[in-house]
>>> print(open('start-v1.cif').read())   # mmCIF, C-alpha atoms (C1' of nucleotides)
data_final
#
loop_
_atom_site.label_atom_id
_atom_site.label_comp_id
_atom_site.auth_asym_id
_atom_site.auth_seq_id
_atom_site.Cartn_x
_atom_site.Cartn_y
_atom_site.Cartn_z
CA MET A 1 30.90 -12.65 -7.50
CA ALA A 2 28.31 -9.99 -8.17
CA ASP A 3 29.94 -9.09 -11.46
CA ASP A 4 28.72 -11.63 -14.00
CA THR A 5 27.70 -10.60 -17.46
CA LYS A 6 24.49 -12.53 -17.85
CA ASN A 7 21.71 -13.99 -15.78
CA THR A 8 19.47 -16.60 -17.28
CA ASP A 9 16.66 -15.67 -14.90
CA GLN A 10 15.96 -19.31 -14.16
CA SER A 11 16.02 -18.70 -10.45
CA VAL A 12 16.43 -15.36 -8.76
CA ASP A 13 18.42 -15.13 -5.56
CA PHE A 14 16.48 -13.01 -3.08
CA GLY A 15 19.48 -12.78 -0.78
CA ILE A 16 18.92 -10.69 2.31
CA LEU A 17 15.29 -10.10 1.30
CA ASN A 18 14.35 -13.65 2.18
CA ASN A 19 15.32 -13.19 5.79
CA LEU A 20 13.58 -9.85 6.33
CA VAL A 21 10.42 -9.95 8.37
CA GLY A 22 9.42 -6.64 6.81
CA TYR A 23 9.56 -8.02 3.29
CA ARG A 24 7.67 -11.19 4.10
CA LEU A 25 5.08 -9.21 5.99
CA ARG A 26 4.53 -7.12 2.89
CA ARG A 27 4.13 -10.17 0.66
CA ALA A 28 1.71 -11.82 3.05
CA GLN A 29 -0.31 -8.66 3.46
CA LEU A 30 -0.54 -8.10 -0.29
CA ASN A 31 -1.78 -11.65 -0.67
CA PHE A 32 -4.44 -11.16 1.98
CA PHE A 33 -5.44 -7.89 0.37
CA SER A 34 -5.91 -9.40 -3.07
CA LYS A 35 -7.82 -12.39 -1.71
CA PHE A 36 -10.02 -10.04 0.30
CA SER A 37 -10.79 -8.11 -2.86
CA GLU A 38 -11.77 -11.30 -4.68
CA VAL A 39 -14.19 -12.13 -1.90
CA CYS A 40 -15.68 -8.70 -1.27
CA SER A 41 -15.21 -6.63 -4.43
CA ASP A 42 -18.74 -7.29 -5.64
CA LEU A 43 -19.98 -5.78 -2.39
CA GLY A 44 -17.89 -2.67 -2.99
CA ILE A 45 -15.99 -3.04 0.28
CA SER A 46 -12.24 -2.64 0.67
CA PRO A 47 -10.31 -3.81 3.73
CA GLY A 48 -10.19 -0.23 4.99
CA LEU A 49 -13.95 0.21 4.70
CA PHE A 50 -14.51 -3.14 6.37
CA ALA A 51 -12.47 -2.02 9.36
CA ILE A 52 -14.57 1.13 9.73
CA ILE A 53 -17.80 -0.84 9.58
CA ALA A 54 -16.52 -3.38 12.10
CA ILE A 55 -15.61 -0.64 14.55
CA VAL A 56 -18.91 1.20 14.22
CA GLU A 57 -20.90 -2.02 14.51
CA ARG A 58 -19.31 -2.77 17.86
CA ASN A 59 -19.11 0.83 19.03
CA PRO A 60 -22.19 2.74 17.84
CA GLY A 61 -22.06 6.45 18.46
CA LEU A 62 -18.33 6.96 18.00
CA THR A 63 -17.31 10.16 16.24
CA GLN A 64 -15.42 10.07 12.96
CA THR A 65 -12.26 11.17 14.68
CA ALA A 66 -12.55 8.46 17.33
CA VAL A 67 -12.88 5.80 14.64
CA ALA A 68 -9.92 7.27 12.77
CA GLN A 69 -7.77 7.19 15.92
CA ALA A 70 -8.77 3.63 16.70
CA LEU A 71 -7.71 2.50 13.24
CA GLY A 72 -4.65 4.71 12.99
CA ASN A 73 -6.10 6.60 10.04
CA ASP A 74 -6.00 10.30 9.31
CA ARG A 75 -9.18 12.23 10.17
CA SER A 76 -9.42 13.66 6.68
CA ALA A 77 -9.44 10.21 5.14
CA MET A 78 -12.62 9.42 7.04
CA VAL A 79 -14.71 11.93 5.14
CA ALA A 80 -14.78 10.18 1.79
CA ALA A 81 -15.06 6.78 3.45
CA VAL A 82 -18.07 7.72 5.55
CA ASP A 83 -19.59 9.54 2.56
CA LYS A 84 -19.39 6.31 0.59
CA LEU A 85 -20.73 4.14 3.38
CA GLU A 86 -23.60 6.58 3.90
CA LYS A 87 -24.47 6.47 0.20
CA MET A 88 -24.43 2.67 0.41
CA ASP A 89 -26.93 2.95 3.27
CA ILE A 90 -24.61 1.09 5.64
CA LEU A 91 -23.80 3.86 8.10
CA GLU A 92 -25.43 7.13 9.00
CA ARG A 93 -24.17 10.30 10.57
CA ARG A 94 -26.24 11.75 13.40
CA PRO A 95 -25.45 15.06 15.08
CA ALA A 96 -23.66 14.42 18.35
CA VAL A 97 -25.94 15.22 21.24
CA ASN A 98 -23.67 17.62 23.13
CA ASP A 99 -21.15 18.77 20.54
CA ARG A 100 -22.35 20.47 17.40
CA ARG A 101 -18.95 20.05 15.79
CA SER A 102 -19.08 16.31 15.57
CA TYR A 103 -21.17 13.53 14.13
CA ALA A 104 -21.87 10.22 15.78
CA LEU A 105 -21.76 7.18 13.50
CA PHE A 106 -24.40 4.46 13.59
CA MET A 107 -25.27 1.40 11.55
CA THR A 108 -28.45 1.55 9.52
CA LYS A 109 -30.91 -1.31 9.69
CA TYR A 110 -29.73 -2.47 6.27
CA GLY A 111 -26.14 -1.93 7.34
CA LYS A 112 -26.51 -4.38 10.22
CA LYS A 113 -27.79 -7.06 7.87
CA PHE A 114 -25.12 -6.18 5.32
CA PHE A 115 -22.44 -6.60 7.96
CA GLN A 116 -23.62 -10.12 8.68
CA THR A 117 -23.15 -11.09 5.03
CA LEU A 118 -19.86 -9.24 4.82
CA SER A 119 -18.31 -10.61 8.01
CA GLY A 120 -19.45 -14.10 7.05
CA ARG A 121 -17.44 -13.88 3.87
CA VAL A 122 -14.46 -12.39 5.64
CA MET A 123 -14.53 -15.13 8.26
CA ASP A 124 -14.68 -17.77 5.54
CA HIS A 125 -11.64 -16.21 3.93
CA GLU A 126 -9.85 -16.10 7.29
CA LYS A 127 -10.64 -19.71 8.08
CA ASN A 128 -9.42 -20.69 4.65
CA MET A 129 -6.09 -18.97 5.24
CA ALA A 130 -5.84 -20.14 8.85
CA SER A 131 -6.32 -23.72 7.69
CA ARG A 132 -2.82 -23.53 6.29
CA LEU A 133 -1.52 -23.33 9.83
CA GLU A 134 -0.97 -26.47 11.79
CA SER A 135 -3.10 -25.83 14.82
CA GLU A 136 -5.36 -23.40 16.62
CA GLN A 137 -2.46 -22.66 18.94
CA GLU A 138 -0.34 -21.64 16.00
CA LEU A 139 -3.02 -19.17 14.95
CA GLU A 140 -3.15 -17.69 18.45
CA TRP A 141 0.60 -17.45 18.47
CA LEU A 142 0.63 -15.70 15.09
CA LEU A 143 -1.95 -13.14 16.19
CA LYS A 144 -0.02 -12.44 19.36
CA THR A 145 3.26 -12.14 17.49
CA LEU A 146 1.84 -9.77 14.89
CA ASP A 147 0.46 -7.65 17.68
CA ILE A 148 3.87 -7.43 19.31
CA LEU A 149 5.37 -6.30 16.01
CA SER A 150 2.71 -3.61 15.55
CA GLN A 151 3.88 -1.35 18.35
CA MET B 1 -26.71 -3.99 22.25
CA ALA B 2 -25.52 -2.04 19.24
CA ASP B 3 -28.05 0.74 19.81
CA ASP B 4 -26.65 3.01 22.49
CA THR B 5 -26.79 6.75 22.17
CA LYS B 6 -23.31 7.67 23.22
CA ASN B 7 -19.84 6.24 23.41
CA THR B 8 -17.30 7.82 25.71
CA ASP B 9 -14.43 6.49 23.59
CA GLN B 10 -12.55 5.34 26.67
CA SER B 11 -11.90 1.96 25.11
CA VAL B 12 -12.89 0.87 21.63
CA ASP B 13 -14.06 -2.67 21.06
CA PHE B 14 -12.33 -4.02 17.96
CA GLY B 15 -14.64 -7.02 17.83
CA ILE B 16 -14.00 -9.35 14.94
CA LEU B 17 -11.08 -7.21 13.78
CA ASN B 18 -8.92 -8.39 16.63
CA ASN B 19 -9.07 -11.98 15.47
CA LEU B 20 -8.36 -11.31 11.80
CA VAL B 21 -4.92 -12.25 10.57
CA GLY B 22 -5.42 -9.86 7.66
CA TYR B 23 -5.98 -6.88 9.91
CA ARG B 24 -3.06 -7.63 12.21
CA LEU B 25 -0.83 -8.22 9.19
CA ARG B 26 -1.72 -4.78 7.95
CA ARG B 27 -0.97 -3.14 11.28
CA ALA B 28 2.36 -4.90 11.60
CA GLN B 29 3.33 -4.08 8.05
CA LEU B 30 2.44 -0.41 8.44
CA ASN B 31 4.59 -0.32 11.54
CA PHE B 32 7.53 -1.88 9.73
CA PHE B 33 7.04 0.53 6.86
CA SER B 34 7.10 3.61 9.06
CA LYS B 35 10.12 2.38 11.03
CA PHE B 36 11.90 1.62 7.77
CA SER B 37 11.23 5.16 6.60
CA GLU B 38 12.67 6.58 9.81
CA VAL B 39 15.83 4.57 9.30
CA CYS B 40 16.30 5.10 5.56
CA SER B 41 14.47 8.28 4.57
CA ASP B 42 17.65 10.37 4.68
CA LEU B 43 19.12 7.98 2.11
CA GLY B 44 16.10 8.48 -0.14
CA ILE B 45 15.26 4.77 -0.21
CA SER B 46 11.77 3.34 0.20
CA PRO B 47 11.10 -0.34 0.94
CA GLY B 48 10.23 -0.88 -2.71
CA LEU B 49 13.49 0.63 -3.94
CA PHE B 50 15.43 -1.38 -1.37
CA ALA B 51 13.94 -4.58 -2.72
CA ILE B 52 15.02 -3.70 -6.25
CA ILE B 53 18.56 -2.93 -5.14
CA ALA B 54 18.75 -6.14 -3.13
CA ILE B 55 17.69 -8.21 -6.13
CA VAL B 56 20.12 -6.54 -8.54
CA GLU B 57 22.98 -6.81 -6.07
CA ARG B 58 22.54 -10.57 -5.86
CA ASN B 59 21.57 -11.06 -9.52
CA PRO B 60 23.56 -8.67 -11.69
CA GLY B 61 22.50 -8.58 -15.29
CA LEU B 62 18.79 -9.18 -14.80
CA THR B 63 16.49 -7.24 -17.09
CA GLN B 64 13.94 -4.79 -15.72
CA THR B 65 11.14 -7.17 -16.49
CA ALA B 66 12.85 -10.03 -14.69
CA VAL B 67 13.28 -7.92 -11.56
CA ALA B 68 9.67 -6.80 -11.76
CA GLN B 69 8.47 -10.39 -12.03
CA ALA B 70 10.63 -11.49 -9.13
CA LEU B 71 9.16 -8.79 -6.91
CA GLY B 72 5.60 -9.07 -8.19
CA ASN B 73 5.64 -5.52 -9.52
CA ASP B 74 4.24 -4.16 -12.75
CA ARG B 75 6.84 -3.66 -15.49
CA SER B 76 5.79 -0.06 -15.98
CA ALA B 77 6.49 0.70 -12.34
CA MET B 78 10.12 -0.23 -12.87
CA VAL B 79 10.80 2.65 -15.23
CA ALA B 80 10.56 5.46 -12.71
CA ALA B 81 12.25 3.35 -10.04
CA VAL B 82 15.27 2.50 -12.20
CA ASP B 83 15.41 6.08 -13.46
CA LYS B 84 15.69 7.27 -9.89
CA LEU B 85 18.28 4.67 -8.91
CA GLU B 86 20.32 5.53 -11.98
CA LYS B 87 20.24 9.23 -11.11
CA MET B 88 21.39 8.32 -7.60
CA ASP B 89 24.32 6.45 -9.22
CA ILE B 90 23.32 3.19 -7.54
CA LEU B 91 22.34 1.15 -10.59
CA GLU B 92 23.10 1.42 -14.25
CA ARG B 93 21.41 0.12 -17.38
CA ARG B 94 23.58 -1.61 -19.93
CA PRO B 95 22.33 -2.84 -23.28
CA ALA B 96 21.61 -6.55 -23.09
CA VAL B 97 24.11 -8.51 -25.13
CA ASN B 98 21.68 -10.58 -27.18
CA ASP B 99 18.46 -8.62 -27.05
CA ARG B 100 18.47 -5.03 -28.23
CA ARG B 101 15.07 -4.43 -26.66
CA SER B 102 16.16 -4.90 -23.11
CA TYR B 103 18.58 -3.47 -20.62
CA ALA B 104 20.56 -5.43 -18.08
CA LEU B 105 20.80 -3.90 -14.63
CA PHE B 106 24.06 -3.68 -12.70
CA MET B 107 25.26 -2.07 -9.51
CA THR B 108 27.66 0.83 -9.86
CA LYS B 109 30.83 0.91 -7.80
CA TYR B 110 29.24 3.53 -5.56
CA GLY B 111 26.04 1.51 -5.48
CA LYS B 112 27.82 -1.50 -4.04
CA LYS B 113 29.22 0.59 -1.21
CA PHE B 114 25.86 2.31 -0.75
CA PHE B 115 24.16 -1.06 -0.43
CA GLN B 116 26.49 -2.01 2.41
CA THR B 117 25.45 1.05 4.38
CA LEU B 118 21.82 0.57 3.48
CA SER B 119 21.61 -3.12 4.30
CA GLY B 120 23.46 -2.51 7.54
CA ARG B 121 20.76 -0.13 8.65
CA VAL B 122 18.00 -2.43 7.49
CA MET B 123 19.54 -5.36 9.35
CA ASP B 124 19.82 -3.26 12.50
CA HIS B 125 16.16 -2.43 12.19
CA GLU B 126 15.33 -6.08 11.64
CA LYS B 127 17.34 -7.23 14.63
CA ASN B 128 15.68 -4.59 16.75
CA MET B 129 12.25 -5.85 15.79
CA ALA B 130 13.26 -9.50 16.02
CA SER B 131 14.51 -8.92 19.56
CA ARG B 132 10.89 -8.65 20.61
CA LEU B 133 10.50 -12.31 19.80
CA GLU B 134 11.45 -14.88 22.35
CA SER B 135 13.95 -16.97 20.44
CA GLU B 136 15.68 -17.51 17.15
CA GLN B 137 13.35 -20.42 16.55
CA GLU B 138 10.38 -18.13 16.90
CA LEU B 139 11.83 -15.88 14.19
CA GLU B 140 12.38 -18.83 11.87
CA TRP B 141 8.86 -19.96 12.53
CA LEU B 142 7.47 -16.52 11.80
CA LEU B 143 9.33 -16.27 8.50
CA LYS B 144 8.09 -19.70 7.48
CA THR B 145 4.52 -18.93 8.48
CA LEU B 146 4.48 -15.61 6.60
CA ASP B 147 5.78 -17.43 3.55
CA ILE B 148 2.96 -19.95 3.76
CA LEU B 149 0.43 -17.13 3.94
CA SER B 150 1.93 -15.40 0.89
CA GLN B 151 0.85 -17.97 -1.68
"C1'" DT C 1 12.61 -15.24 -46.80
"C1'" DT C 2 8.21 -13.36 -45.23
"C1'" DG C 3 4.51 -12.33 -42.20
"C1'" DA C 4 1.95 -12.94 -37.96
"C1'" DT C 5 2.55 -12.80 -33.15
"C1'" DA C 6 4.75 -12.00 -28.68
"C1'" DT C 7 7.82 -9.45 -25.85
"C1'" DT C 8 10.53 -5.38 -23.91
"C1'" DG C 9 11.06 -0.85 -22.39
"C1'" DG C 10 8.66 3.02 -22.13
"C1'" DT C 11 4.62 6.51 -21.83
"C1'" DG C 12 0.27 8.17 -20.34
"C1'" DT C 13 -3.63 7.84 -17.52
"C1'" DA C 14 -6.71 6.87 -13.85
"C1'" DA C 15 -7.75 5.18 -9.19
"C1'" DT C 16 -6.13 4.57 -4.71
"C1'" DG C 17 -4.06 5.53 -0.13
"C1'" DC C 18 -1.49 8.45 2.82
"C1'" DT C 19 0.09 13.29 4.56
"C1'" DA C 20 -0.04 17.82 5.46
"C1'" DA C 21 -2.00 22.37 5.39
"C1'" DA C 22 -5.61 25.40 5.71
"C1'" DC C 23 -10.41 26.79 6.56
"C1'" DT C 24 -15.12 27.04 9.09
"C1'" DG C 25 -17.70 26.44 12.89
"C1'" DT C 26 -17.66 25.11 17.69
"C1'" DT C 27 -16.03 24.20 22.25
"C1'" DT C 28 -13.07 24.96 26.09
"C1'" DA C 29 -9.78 27.33 29.17
"C1'" DG C 30 -8.03 31.35 31.26
"C1'" DC D 1 -14.24 38.15 26.39
"C1'" DT D 2 -10.28 36.28 24.20
"C1'" DA D 3 -7.21 32.70 22.82
"C1'" DA D 4 -6.37 28.08 22.16
"C1'" DA D 5 -7.94 23.58 20.95
"C1'" DC D 6 -10.93 20.61 18.39
"C1'" DA D 7 -14.29 18.28 14.60
"C1'" DG D 8 -15.20 17.94 10.06
"C1'" DT D 9 -14.04 19.25 5.57
"C1'" DT D 10 -11.49 20.52 1.42
"C1'" DT D 11 -7.54 20.69 -1.20
"C1'" DA D 12 -3.06 19.54 -2.61
"C1'" DG D 13 0.96 16.65 -3.18
"C1'" DC D 14 3.11 12.26 -3.15
"C1'" DA D 15 3.78 7.28 -3.92
"C1'" DT D 16 1.88 3.00 -5.48
"C1'" DT D 17 -0.85 0.14 -8.54
"C1'" DA D 18 -3.15 -1.07 -12.62
"C1'" DC D 19 -4.25 -0.80 -17.32
"C1'" DA D 20 -4.10 0.39 -22.17
"C1'" DC D 21 -1.07 1.71 -25.60
"C1'" DC D 22 3.20 2.43 -28.62
"C1'" DA D 23 7.74 1.58 -31.11
"C1'" DA D 24 11.41 -1.43 -31.55
"C1'" DT D 25 12.79 -5.97 -31.46
"C1'" DA D 26 12.49 -10.95 -31.25
"C1'" DT D 27 10.35 -15.34 -32.37
"C1'" DC D 28 8.25 -18.75 -34.97
"C1'" DA D 29 5.63 -20.91 -38.65
"C1'" DA D 30 4.86 -21.17 -43.45
#
>>> encode(input="start-v1.cif", output="structure tokens")
Amino acid sequence: MADDTKNTDQSVDFGILNNLVGYRLRRAQLNFFSKFSEVCSDLGISPGLFAIIAIVERNPGLTQTAVAQALGNDRSAMVAAVDKLEKMDILERRPAVNDRRSYALFMTKYGKKFFQTLSGRVMDHEKNMASRLESEQELEWLLKTLDILSQ
Amino acid sequence: MADDTKNTDQSVDFGILNNLVGYRLRRAQLNFFSKFSEVCSDLGISPGLFAIIAIVERNPGLTQTAVAQALGNDRSAMVAAVDKLEKMDILERRPAVNDRRSYALFMTKYGKKFFQTLSGRVMDHEKNMASRLESEQELEWLLKTLDILSQ
DNA sequence: TTGATATTGGTGTAATGCTAAACTGTTTAG
DNA sequence: CTAAACAGTTTAGCATTACACCAATATCAA
């Protein structure tokens, strides 16, 4: 086997791929990403930007670097992201009180309201996906398992 | 709340993010990706290239477009990938027997041996990650759940 | 047969995300 | 005071993705 001359393409054998957690993770994540875009693209928010907003909303006053470390991003990638969010009037940079090198990030008044709309949509999307699972326990188990695989 | 002046960054509150399947999927997938790179970077194989090889190995004779469709890639992305794999003497393009537009993809003799080495490393990596789970059943359940979330 | 249409491999391009290096200004340690 | 470390920024390179486009070929209806 593995030396035929033709394949009618009716059904493709994924072989080893089907049993790889890494491959299935990628497929699932791509699906979440595209669904997220459908839900939030008109708001101009990508998953990466949403994560930044969510962190700042819960942790006002963090520096750019602190947010980057929390999310596992590179510091330099924060610049364009925060620039964009500042132009959208969602976040604002304020000079850090005791360190003139750094900025502290805060939500604007509009940003706080915007986050309510945004997180509402994201939660709807999450609940929609989670409804495919069989129980609340299964969801908890999935979250825990994904966390274990993230380290 | 949400209006402090300073954050000591001792511990960041991830808020809603911690309960989002989408976010945890992304973290887990990034971790798998980086571990995969550690294991296979010296062979010059990325996860995307590995998927192509795995498909061709199990389905010799598929056209480029068929492989792209199976993996959910864009056709145009296949060109550079197959070019690279042909230069590495892993795959080869042969003219399709009944369609002069298309090429059929086959493993080379060296490619078959290369795939054994490659898939061995990938399986080691997979087993290492899967060992964090509590049972074989849990792995099966995870694969099934990720598949459900991919559609 | 002819002619319209679809498909395949391929090219070019733009947008994105991720990394790494280097630079300025600032803080900290010795 | 000096040297090292750090924050933000810019720039570059790289891979991935998406889209429009082309030439050659295939398909199908008239």
>>> closest_residue(input="start-v1.cif", among="B:Glu92, B:Asp147, B:Asp83, B:Glu134", to="chain C", atoms="all atoms listed in the file")
B:Asp83
>>> resolve_selection(input="start-v1.cif", expression="the PyMOL selection byres ((chain C) within 10 of (chain B))", output="number ranges by chain")
C: 7-11
>>> atom_distance(input="start-v1.cif", atom1="atom CA of B:Arg58", atom2="atom CA of B:Met129")
24.4 Å
>>> closest_residue(input="start-v1.cif", among="C:DA15, C:DA29, C:DA20, C:DA4", to="D:DA12", atoms="only C-alpha atoms (C1' of nucleotides)")
C:DA20
>>> residues_near_point(input="start-v1.cif", point="(-12.5, -14.4, 8.0)", cutoff="12 Å", atoms="only C-alpha atoms (C1' of nucleotides)", output="number ranges by chain")
A: 32, 35-36, 39-40, 47, 50, 116-131; B: 16-23
>>> write_last_selection(input="start-v1.cif", atoms="C-alpha atoms", output="tab-separated table (two decimals), in the frame of the given file")
chain	number	residue	atom	x	y	z
A	32	PHE	CA	-4.44	-11.16	1.98
A	35	LYS	CA	-7.82	-12.39	-1.71
A	36	PHE	CA	-10.02	-10.04	0.30
A	39	VAL	CA	-14.19	-12.13	-1.90
A	40	CYS	CA	-15.68	-8.70	-1.27
A	47	PRO	CA	-10.31	-3.81	3.73
A	50	PHE	CA	-14.51	-3.14	6.37
A	116	GLN	CA	-23.62	-10.12	8.68
A	117	THR	CA	-23.15	-11.09	5.03
A	118	LEU	CA	-19.86	-9.24	4.82
A	119	SER	CA	-18.31	-10.61	8.01
A	120	GLY	CA	-19.45	-14.10	7.05
A	121	ARG	CA	-17.44	-13.88	3.87
A	122	VAL	CA	-14.46	-12.39	5.64
A	123	MET	CA	-14.53	-15.13	8.26
A	124	ASP	CA	-14.68	-17.77	5.54
A	125	HIS	CA	-11.64	-16.21	3.93
A	126	GLU	CA	-9.85	-16.10	7.29
A	127	LYS	CA	-10.64	-19.71	8.08
A	128	ASN	CA	-9.42	-20.69	4.65
A	129	MET	CA	-6.09	-18.97	5.24
A	130	ALA	CA	-5.84	-20.14	8.85
A	131	SER	CA	-6.32	-23.72	7.69
B	16	ILE	CA	-14.00	-9.35	14.94
B	17	LEU	CA	-11.08	-7.21	13.78
B	18	ASN	CA	-8.92	-8.39	16.63
B	19	ASN	CA	-9.07	-11.98	15.47
B	20	LEU	CA	-8.36	-11.31	11.80
B	21	VAL	CA	-4.92	-12.25	10.57
B	22	GLY	CA	-5.42	-9.86	7.66
B	23	TYR	CA	-5.98	-6.88	9.91
>>> interface_residues(input="start-v1.cif", of="chain D", to="chain B", cutoff="9 Å", atoms="all atoms listed in the file", output="PDB file with C-alpha atoms (C1' of nucleotides), keeping the file's coordinate frame")
ATOM      1  C1'  DT D  16       1.880   3.000  -5.480  1.00  0.00           C
ATOM      2  C1'  DT D  17      -0.850   0.140  -8.540  1.00  0.00           C
ATOM      3  C1'  DA D  18      -3.150  -1.070 -12.620  1.00  0.00           C
ATOM      4  C1'  DA D  24      11.410  -1.430 -31.550  1.00  0.00           C
ATOM      5  C1'  DT D  25      12.790  -5.970 -31.460  1.00  0.00           C
ATOM      6  C1'  DA D  26      12.490 -10.950 -31.250  1.00  0.00           C
TER       7       DA D  26
END
>>> closest_atom_pairs(input="start-v1.cif", of="chain B", to="chain A", cutoff="8 Å", atoms="all atoms listed in the file", output="CSV")
residue,atom,partner,partner_atom,distance
B:Ala2,CA,A:Pro60,CA,6.0
B:Asp3,CA,A:Pro60,CA,6.5
B:Asp4,CA,A:Pro60,CA,6.4
B:Thr5,CA,A:Gly61,CA,6.0
B:Lys6,CA,A:Gly61,CA,5.1
B:Asn7,CA,A:Gly61,CA,5.4
B:Thr8,CA,A:Leu62,CA,7.8
B:Asp9,CA,A:Ala66,CA,6.8
B:Val12,CA,A:Asn59,CA,6.7
B:Asp13,CA,A:Arg58,CA,6.1
B:Phe14,CA,A:Ile55,CA,5.8
B:Gly15,CA,A:Arg58,CA,6.3
B:Ile16,CA,A:Ala54,CA,7.1
B:Leu17,CA,A:Ala54,CA,6.9
B:Asn19,CA,A:Leu143,CA,7.2
B:Leu20,CA,A:Glu126,CA,6.7
B:Val21,CA,A:Leu143,CA,6.4
B:Gly22,CA,A:Phe32,CA,5.9
B:Arg24,CA,A:Leu146,CA,6.0
B:Leu25,CA,A:Gln29,CA,5.8
B:Arg26,CA,A:Gln29,CA,6.1
B:Arg27,CA,A:Ser150,CA,5.7
B:Ala28,CA,A:Ser150,CA,4.2
B:Gln29,CA,A:Leu25,CA,5.8
B:Leu30,CA,A:Ser150,CA,7.8
B:Asn31,CA,A:Ser150,CA,5.5
B:Phe32,CA,A:Gly22,CA,5.9
B:Phe33,CA,A:Gly22,CA,7.6
B:Ala51,CA,A:Leu17,CA,7.0
B:Ala54,CA,A:Leu17,CA,6.9
B:Ile55,CA,A:Phe14,CA,5.8
B:Glu57,CA,A:Ala2,CA,6.6
B:Arg58,CA,A:Asp13,CA,6.2
B:Asn59,CA,A:Asp13,CA,6.5
B:Pro60,CA,A:Ala2,CA,6.1
B:Gly61,CA,A:Lys6,CA,5.1
B:Leu62,CA,A:Asn7,CA,5.7
B:Ala66,CA,A:Asp9,CA,6.8
B:Ala70,CA,A:Val12,CA,7.0
B:Glu126,CA,A:Leu20,CA,6.7
B:Met129,CA,A:Leu149,CA,6.9
B:Arg132,CA,A:Ile148,CA,7.2
B:Leu133,CA,A:Thr145,CA,7.6
B:Leu142,CA,A:Leu142,CA,7.6
B:Leu143,CA,A:Val21,CA,6.4
B:Thr145,CA,A:Leu133,CA,7.6
B:Leu146,CA,A:Ala28,CA,5.9
B:Asp147,CA,A:Arg24,CA,6.5
B:Ile148,CA,A:Arg132,CA,7.3
B:Leu149,CA,A:Ala28,CA,5.5
B:Ser150,CA,A:Ala28,CA,4.2
B:Gln151,CA,A:Asn31,CA,6.9
>>> atom_distance(input="start-v1.cif", atom1="atom CA of A:Leu43", atom2="atom CA of A:Met88")
10.0 Å
>>> axis_aligned_box(input="start-v1.cif", around="stretch 21-24 of chain C", padding_each_side="8 Å", output="lines of an AutoDock Vina configuration file")
center_x = -8.6
center_y = 24.7
center_z = 7.2
size_x = 29.1
size_y = 20.7
size_z = 19.7
>>> atom_distance(input="start-v1.cif", atom1="atom CA of A:Leu49", atom2="atom C1' of C:DT24")
27.2 Å
>>> resolve_selection(input="start-v1.cif", expression="the PyMOL selection byres ((chain A and resi 109-111) around 8)", output="VMD selection string")
chain A and resid 89 to 91 107 to 108 112 to 115
>>> write_last_selection(input="start-v1.cif", atoms="C-alpha atoms", output="compact mmCIF listing (two decimals), in the frame of the given file")
# COMPACT_ATOMS: atom_id res chain seq x y z
CA ASP A 89 -26.93 2.95 3.27
CA ILE A 90 -24.61 1.09 5.64
CA LEU A 91 -23.80 3.86 8.10
CA MET A 107 -25.27 1.40 11.55
CA THR A 108 -28.45 1.55 9.52
CA LYS A 112 -26.51 -4.38 10.22
CA LYS A 113 -27.79 -7.06 7.87
CA PHE A 114 -25.12 -6.18 5.32
CA PHE A 115 -22.44 -6.60 7.96
